[in-house]
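Note: the block below is protein_17.pdb and it holds PDB, C-alpha atoms.
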```
ATOM      1  CA  MET N   1     114.117  94.213 100.648
ATOM      2  CA  SER N   2     110.551  93.021 100.607
ATOM      3  CA  PRO N   3     108.456  90.286 102.220
ATOM      4  CA  LEU N   4     107.257  89.386  98.715
ATOM      5  CA  TYR N   5     109.045  86.277  97.574
ATOM      6  CA  ASP N   6     109.257  84.590  94.180
ATOM      7  CA  ARG N   7     106.123  82.625  93.265
ATOM      8  CA  LEU N   8     104.117  84.181  96.131
ATOM      9  CA  GLU N   9     100.364  83.818  95.669
ATOM     10  CA  THR N  10      97.680  85.360  97.854
ATOM     11  CA  ASN N  11      95.769  83.272 100.351
ATOM     12  CA  ILE N  12      92.548  85.151  99.593
ATOM     13  CA  PRO N  13      90.553  84.712  96.380
ATOM     14  CA  ARG N  14      90.632  87.701  94.035
ATOM     15  CA  SER N  15      86.861  88.172  94.327
ATOM     16  CA  LEU N  16      87.324  89.195  97.978
ATOM     17  CA  MET N  17      90.189  91.607  97.225
ATOM     18  CA  GLY N  18      88.686  93.514  94.316
ATOM     19  CA  PHE N  19      87.751  97.174  94.278
ATOM     20  CA  SER N  20      84.350  98.290  93.051
ATOM     21  CA  GLY N  21      84.586  99.625  89.532
ATOM     22  CA  LEU N  22      87.722  97.673  88.613
ATOM     23  CA  GLY N  23      87.620  94.041  87.612
ATOM     24  CA  TRP N  24      90.544  91.668  87.734
ATOM     25  CA  PRO N  25      92.371  90.791  84.512
ATOM     26  CA  GLN N  26      90.689  87.886  82.719
ATOM     27  CA  ASN N  27      93.802  85.737  83.037
ATOM     28  CA  ALA N  28      94.219  86.312  86.810
ATOM     29  CA  GLN N  29      94.352  83.162  88.918
ATOM     30  CA  LEU N  30      91.736  82.576  91.636
ATOM     31  CA  PHE N  31      94.535  83.244  94.151
ATOM     32  CA  PRO N  32      96.571  85.822  92.219
ATOM     33  CA  LYS N  33     100.342  86.041  92.129
ATOM     34  CA  HIS N  34     101.861  89.033  93.882
ATOM     35  CA  GLU N  35     102.837  90.617  90.555
ATOM     36  CA  THR N  36      99.184  90.541  89.464
ATOM     37  CA  VAL N  37      98.061  92.147  92.735
ATOM     38  CA  THR N  38     100.746  94.830  92.444
ATOM     39  CA  GLU N  39      99.661  95.679  88.880
ATOM     40  CA  TYR N  40      95.984  95.691  89.932
ATOM     41  CA  ILE N  41      96.624  98.127  92.809
ATOM     42  CA  ALA N  42      98.782 100.363  90.595
ATOM     43  CA  GLN N  43      95.998 100.482  88.005
ATOM     44  CA  TYR N  44      93.413 101.308  90.685
ATOM     45  CA  ALA N  45      95.608 104.098  92.101
ATOM     46  CA  GLU N  46      96.450 105.657  88.732
ATOM     47  CA  ASP N  47      93.887 108.464  89.132
ATOM     48  CA  VAL N  48      95.227 109.499  92.552
ATOM     49  CA  LYS N  49      98.905 108.781  92.002
ATOM     50  CA  HIS N  50      99.670 112.497  91.888
ATOM     51  CA  LEU N  51      98.378 112.783  95.483
ATOM     52  CA  ILE N  52     100.644 110.070  96.910
ATOM     53  CA  HIS N  53     103.876 111.143  98.588
ATOM     54  CA  PHE N  54     106.483 108.401  98.856
ATOM     55  CA  HIS N  55     109.646 108.650 100.982
ATOM     56  CA  THR N  56     107.957 111.215 103.184
ATOM     57  CA  GLN N  57     108.054 111.493 106.949
ATOM     58  CA  VAL N  58     104.838 112.686 108.541
ATOM     59  CA  ILE N  59     105.764 115.017 111.377
ATOM     60  CA  SER N  60     102.234 115.829 112.522
ATOM     61  CA  VAL N  61      98.582 115.473 111.571
ATOM     62  CA  LYS N  62      96.161 117.909 113.192
ATOM     63  CA  PRO N  63      92.441 118.368 112.652
ATOM     64  CA  VAL N  64      91.424 121.696 111.170
ATOM     65  CA  LEU N  65      88.418 122.957 113.073
ATOM     66  CA  SER N  66      85.931 125.535 111.899
ATOM     67  CA  ASP N  67      82.777 126.310 113.890
ATOM     68  CA  SER N  68      83.388 123.265 116.136
ATOM     69  CA  GLU N  69      83.477 120.876 113.181
ATOM     70  CA  ARG N  70      86.413 119.211 111.538
ATOM     71  CA  ASP N  71      87.194 120.765 108.189
ATOM     72  CA  GLY N  72      90.014 118.531 107.055
ATOM     73  CA  TRP N  73      93.533 117.970 108.263
ATOM     74  CA  LEU N  74      96.730 120.022 108.465
ATOM     75  CA  VAL N  75      99.612 117.678 107.653
ATOM     76  CA  GLU N  76     103.245 118.587 108.256
ATOM     77  CA  THR N  77     105.710 116.460 106.278
ATOM     78  CA  GLN N  78     109.338 116.309 105.272
ATOM     79  CA  ASP N  79     111.011 114.465 102.388
ATOM     80  CA  VAL N  80     113.371 111.738 103.585
ATOM     81  CA  ASP N  81     115.148 110.847 100.340
ATOM     82  CA  ALA N  82     118.914 110.805 100.597
ATOM     83  CA  GLY N  83     120.390 114.121  99.612
ATOM     84  CA  ASP N  84     119.756 117.684 100.638
ATOM     85  CA  VAL N  85     117.853 118.449 103.830
ATOM     86  CA  VAL N  86     114.455 119.843 102.883
ATOM     87  CA  ASP N  87     112.438 122.106 105.151
ATOM     88  CA  PRO N  88     109.173 120.665 106.450
ATOM     89  CA  ARG N  89     105.995 121.721 104.650
ATOM     90  CA  GLU N  90     102.360 121.962 105.723
ATOM     91  CA  GLU N  91      99.403 121.158 103.511
ATOM     92  CA  HIS N  92      95.657 121.002 104.063
ATOM     93  CA  TYR N  93      93.833 117.784 103.114
ATOM     94  CA  ASP N  94      90.234 116.602 103.220
ATOM     95  CA  ALA N  95      91.317 113.104 104.244
ATOM     96  CA  VAL N  96      94.472 111.292 105.332
ATOM     97  CA  VAL N  97      95.585 107.685 104.783
ATOM     98  CA  VAL N  98      98.395 106.446 107.007
ATOM     99  CA  ALA N  99     100.631 103.832 105.384
ATOM    100  CA  SER N 100     103.535 103.725 107.790
ATOM    101  CA  GLY N 101     105.377 100.713 106.446
ATOM    102  CA  HIS N 102     106.055  99.469 109.979
ATOM    103  CA  PHE N 103     105.903  95.845 108.808
ATOM    104  CA  ASN N 104     108.983  96.449 106.637
ATOM    105  CA  VAL N 105     111.375  96.130 109.577
ATOM    106  CA  PRO N 106     112.156  92.491 110.405
ATOM    107  CA  PHE N 107     111.757  91.590 114.072
ATOM    108  CA  VAL N 108     113.780  88.744 115.550
ATOM    109  CA  PRO N 109     112.723  88.060 119.150
ATOM    110  CA  GLN N 110     115.271  87.610 121.898
ATOM    111  CA  ILE N 111     115.171  83.881 122.563
ATOM    112  CA  LYS N 112     117.489  82.303 125.082
ATOM    113  CA  GLY N 113     120.345  80.608 123.223
ATOM    114  CA  LEU N 114     119.508  82.082 119.785
ATOM    115  CA  GLU N 115     122.544  84.347 119.672
ATOM    116  CA  GLU N 116     124.894  81.496 120.599
ATOM    117  CA  TRP N 117     123.215  79.224 118.008
ATOM    118  CA  ALA N 118     123.685  81.861 115.302
ATOM    119  CA  GLU N 119     127.369  82.230 116.225
ATOM    120  CA  GLN N 120     127.931  78.469 116.162
ATOM    121  CA  TYR N 121     125.983  77.973 112.916
ATOM    122  CA  PRO N 122     126.400  81.087 110.727
ATOM    123  CA  ASN N 123     123.511  81.710 108.317
ATOM    124  CA  ALA N 124     121.322  79.117 110.069
ATOM    125  CA  VAL N 125     119.067  81.800 111.557
ATOM    126  CA  SER N 126     117.159  83.995 109.136
ATOM    127  CA  HIS N 127     114.030  86.126 109.171
ATOM    128  CA  SER N 128     111.278  85.228 106.706
ATOM    129  CA  MET N 129     111.740  88.690 105.158
ATOM    130  CA  TYR N 130     114.911  87.358 103.549
ATOM    131  CA  TYR N 131     113.252  84.312 101.970
ATOM    132  CA  LYS N 132     113.039  84.659  98.186
ATOM    133  CA  LYS N 133     112.982  81.197  96.613
ATOM    134  CA  PRO N 134     113.145  77.564  97.752
ATOM    135  CA  GLU N 135     116.237  76.850  95.651
ATOM    136  CA  ASP N 136     118.261  78.952  98.107
ATOM    137  CA  TYR N 137     117.693  76.187 100.678
ATOM    138  CA  LYS N 138     118.324  73.165  98.463
ATOM    139  CA  ASP N 139     120.551  70.547 100.117
ATOM    140  CA  LYS N 140     120.729  72.525 103.361
ATOM    141  CA  VAL N 141     120.021  70.752 106.621
ATOM    142  CA  CYS N 142     119.387  72.022 110.119
ATOM    143  CA  PRO N 143     122.257  71.384 112.531
ATOM    144  CA  THR N 144     121.504  68.658 115.078
ATOM    145  CA  LEU N 145     120.230  69.923 118.410
TER     146      LEU N 145
END
```
Translate the structure described by the file into structure tokens.
Amino acid sequence: MSPLYDRLETNIPRSLMGFSGLGWPQNAQLFPKHETVTEYIAQYAEDVKHLIHFHTQVISVKPVLSDSERDGWLVETQDVDAGDVVDPREEHYDAVVVASGHFNVPFVPQIKGLEEWAEQYPNAVSHSMYYKKPEDYKDKVCPTL
């Protein structure tokens, strides 16, 4: 499940999204498609890919202090892939990037009458996270209020 839908293009021109030292592909649109952006980011991250830990829960991040100055970070993590339970591990890092993925969980607000509407009209209420292509909505109409 992803908020990236078919034919999604950015709303920011590529010149504002680029990283120094890495140009965009010559055939990239002014407002690139999401596949182009994904490939661009993967190419940029290639040199540090071995440092990235996916499917990992961060248990704690603590500054490492030496002589009253921060000397990096002590990070305690645990793998969260399905399967065997793995003991937490601690590693020392010079820097930490937090990419929590908290926008991956769809939020549907509690609106008076929404639950009853959804029961009366199944599949009429959907989060934008589930949108993939306009053809899925062809010939559909909103029930009359």
task = Using only C-alpha atoms, pick whichever of N:Ile59, N:Gly113, N:Pro106, N:Glu9 has the shortest atom-to-atom distance to N:Thr36.
result =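 Nearest candidate to N:Thr36 out of N:Ile59, N:Gly113, N:Pro106, N:Glu9: N:Glu9.
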ask   = Distance atom CA of N:Asp139-atom CA of N:Leu8, one decimal place?
value = 21.7 Å
remark   = Min atom-atom distance to N:Val105 from the set N:Leu65, N:Met129, N:Val85, N:Ile52, counting all atoms listed in the file, belongs to N:Met129
message = Between N:Lys112, N:His53, N:Pro134, N:Asp47, which residue has the minimum interatomic distance to N:Ala99, considering all atoms listed in the file?
response =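 So, comparing all the options, the nearest one is N:His53.
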message = Please list, as a PyMOL selection string, the residues that have an atom at most 10 Å away from (121.9, 79.9, 108.5) in the coordinates of this file, counting all atoms listed in the file.
response = chain N and resi 117-126+137+140-143
inquiry  = Give me the residues near N:Gly101 as a list in words, where near means some atom within 12 Å (using all atoms listed in the file) and where sequence neighbours in that chain fewer than 2 positions away do not count.
reply    = Ser2, Pro3, Phe54, His55, Thr56, Gln57, Val98, Ala99, Phe103, Asn104, Val105 and Pro106 of chain N
inquiry  = I'd like the interatomic distance between atom CA of N:Asp79 and atom CA of N:Glu91, to a tenth of an Å.
reply    = 13.4 Å
request  = Work out how far atom CA of N:Arg7 is from atom CA of N:Gly23, in Å to one decimal.
outcome  = 22.5 Å
query = If the PyMOL selection byres ((chain N and resi 17) around 12) is run on the structure shown, which residues does it catch, given as number ranges by chain?
reply = N: 10-16, 18-20, 22-24, 30-32, 36-37, 40-41
inquiry  = Which residues would end up in the selection if the PyMOL selection byres ((chain N and resi 63) around 12) were applied here, given that I need the answer as a ChimeraX atom specification?
reply    = /N:60-62,64-66,68-76,91-96
For the file shown, report as a JSON list (two decimals) with C-alpha atoms, in the coordinates of the input the outcome of the PyMOL selection byres ((chain N and resi 89) around 7) at residue level.
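Below you can see out29.json, which holds the result:
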```json
[["chain", "number", "residue", "atom", "x", "y", "z"],
["N", 76, "GLU", "CA", 103.24, 118.59, 108.26],
["N", 77, "THR", "CA", 105.71, 116.46, 106.28],
["N", 78, "GLN", "CA", 109.34, 116.31, 105.27],
["N", 87, "ASP", "CA", 112.44, 122.11, 105.15],
["N", 88, "PRO", "CA", 109.17, 120.66, 106.45],
["N", 90, "GLU", "CA", 102.36, 121.96, 105.72],
["N", 91, "GLU", "CA", 99.40, 121.16, 103.51]]
```
Enumerate, as a PDB file with C-alpha atoms, in the frame of the given file, the protein, DNA and RNA residues whose atoms approach (108.6, 87.1, 89.7) to within 9 Å, taking into account only C-alpha atoms and the coordinate frame of the file.
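Result file follows (part.pdb):
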```
ATOM      1  CA  TYR N   5     109.045  86.277  97.574  1.00  0.00           C
ATOM      2  CA  ASP N   6     109.257  84.590  94.180  1.00  0.00           C
ATOM      3  CA  ARG N   7     106.123  82.625  93.265  1.00  0.00           C
ATOM      4  CA  LEU N   8     104.117  84.181  96.131  1.00  0.00           C
ATOM      5  CA  LYS N  33     100.342  86.041  92.129  1.00  0.00           C
ATOM      6  CA  HIS N  34     101.861  89.033  93.882  1.00  0.00           C
ATOM      7  CA  GLU N  35     102.837  90.617  90.555  1.00  0.00           C
TER       8      GLU N  35
END
```
